[in-house]
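Engineer: Sharing a structure here in structure tokens format.
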Amino acid sequence: MTQPEFVPLTDRYDPGAPPADAARGFYEMMDKRRTVREFSSRDVSKDTIEWIVRTASSAPSGANKQPWRFVCVRDPETKRQIRAAAEEEERAFYERRASDEWLKDLEPLGTDPNKPFLEAAPWLIIVFKLTRNDDGGSVYYINESIGLACGFLLAAAHAAGLATLTHTPSPMGFLSELLERPEYERPFLLIPVGYPADEVLIPKAALNKKPLDEVMVVK
Ligand code: IYR
């Protein structure tokens, strides 16, 4: 067995404030994040998207295998094809596949099968999970790992002043074909990224977050 190599943790992040103040500051920033479904056509540079993906890819993962791929689409024709295919799946969802309870739960959000944001947003980041690594090696805790990376991605986009939407057309298989991904990559989440539209409205129901004493238990 080879001995693992260890190095000192030198590059420590210093928030420059006591932990409670720094944590509160971060909360106040993140609490302003809202999912939007209407995007401005204002462009976002590739450079910006690269920084956001770097942040996502810095997330922890099982055995540090980083089982993810971020396919970043800005080509209008590809976005058009994604929208057409997603709307077809969504129509089937809203008309047949969804249970009555599910449809009722979606009512306050005002969603429907029309997904204009898939063309309006300057970028679509389609996150794929790797079921094995590019070298054929195993990956571990795939869902946990990719969920963490997506959380980092949403936070990074928000910190850059950009809006995101976590979109999950179901089933998502069409994305593998359209984006010509290999069999061992599976679509996980489709995230439009851009500026919110000028007069954007958000569903009031989305502002209703559980209070701390409901989500936190201290022992
Ligand atoms: N995928 C559908 C339905 C949908 C499901 C959930 I759970 C949401 O939080 C929002 C929408 C759609 O995108 O409309």
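Residues are named by chain letter and number: chains run A, B, ... in the order of the structure tokens, numbers start at 1 in each chain, and ligands are numbered from 1 in the order shown.
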Taking 2 positions as the minimum chain separation for residues in the same chain, which residues sit within 10 Å of Pro171 of chain A when counting only C-alpha atoms? Answer as number ranges by chain.
Structural biologist: A: 86, 89-90, 93, 168-169, 173-175, 187
Engineer: Find the spatial neighbours of Thr55 of chain A, counting only C-alpha atoms, within a cut-off of 7 Å - ignore same-chain residues fewer than 3 positions away - and output them as an MDAnalysis selection string.
Structural biologist: chainID A and resid 51:52 58 152:153 156
Engineer: At most 8 Å is the cut-off: for each residue in chain A with any atom that close to an atom of ligand 1, write down the nearest atom pair and the distance in Å rounded to one decimal, counting only C-alpha atoms and all ligand atoms, chain first then increasing number, as CSV.
Structural biologist:
residue,atom,partner,partner_atom_place_in_ligand_line,distance
A:Glu90,CA,ligand 1,2 (C),6.1
A:Phe93,CA,ligand 1,2 (C),7.1
A:Tyr94,CA,ligand 1,3 (C),7.6
A:Trp102,CA,ligand 1,7 (I),7.6
A:Leu106,CA,ligand 1,10 (C),6.3
A:Leu109,CA,ligand 1,10 (C),7.3
A:Thr111,CA,ligand 1,14 (O),5.1
A:Asp112,CA,ligand 1,14 (O),5.2
A:Pro113,CA,ligand 1,14 (O),5.7
A:Asn114,CA,ligand 1,14 (O),7.7
A:Lys115,CA,ligand 1,13 (O),7.7
A:His167,CA,ligand 1,13 (O),5.5
A:Thr168,CA,ligand 1,1 (N),4.9
A:Pro169,CA,ligand 1,1 (N),4.6
A:Ser170,CA,ligand 1,1 (N),6.1
Engineer: Which residues of segment 120-140 of chain A have any atom within 12 Å of an atom in segment 20-38 of chain A when counting only C-alpha atoms, and what is the closest pair of atoms for each, with the distance in Å to one decimal? Order the rows by chain and rising number and write it as JSON lines.
Structural biologist:
{"residue": "A:Ala120", "atom": "CA", "partner": "A:Glu38", "partner_atom": "CA", "distance": 7.7}
{"residue": "A:Ala121", "atom": "CA", "partner": "A:Glu38", "partner_atom": "CA", "distance": 8.1}
{"residue": "A:Pro122", "atom": "CA", "partner": "A:Glu38", "partner_atom": "CA", "distance": 11.6}
Engineer: Per DSSP on the backbone, filter chain A down to the residues in strand (DSSP E) and report them as a VMD selection string.
Structural biologist: chain A and resid 68 to 73 123 to 130 163 to 164 185 to 194
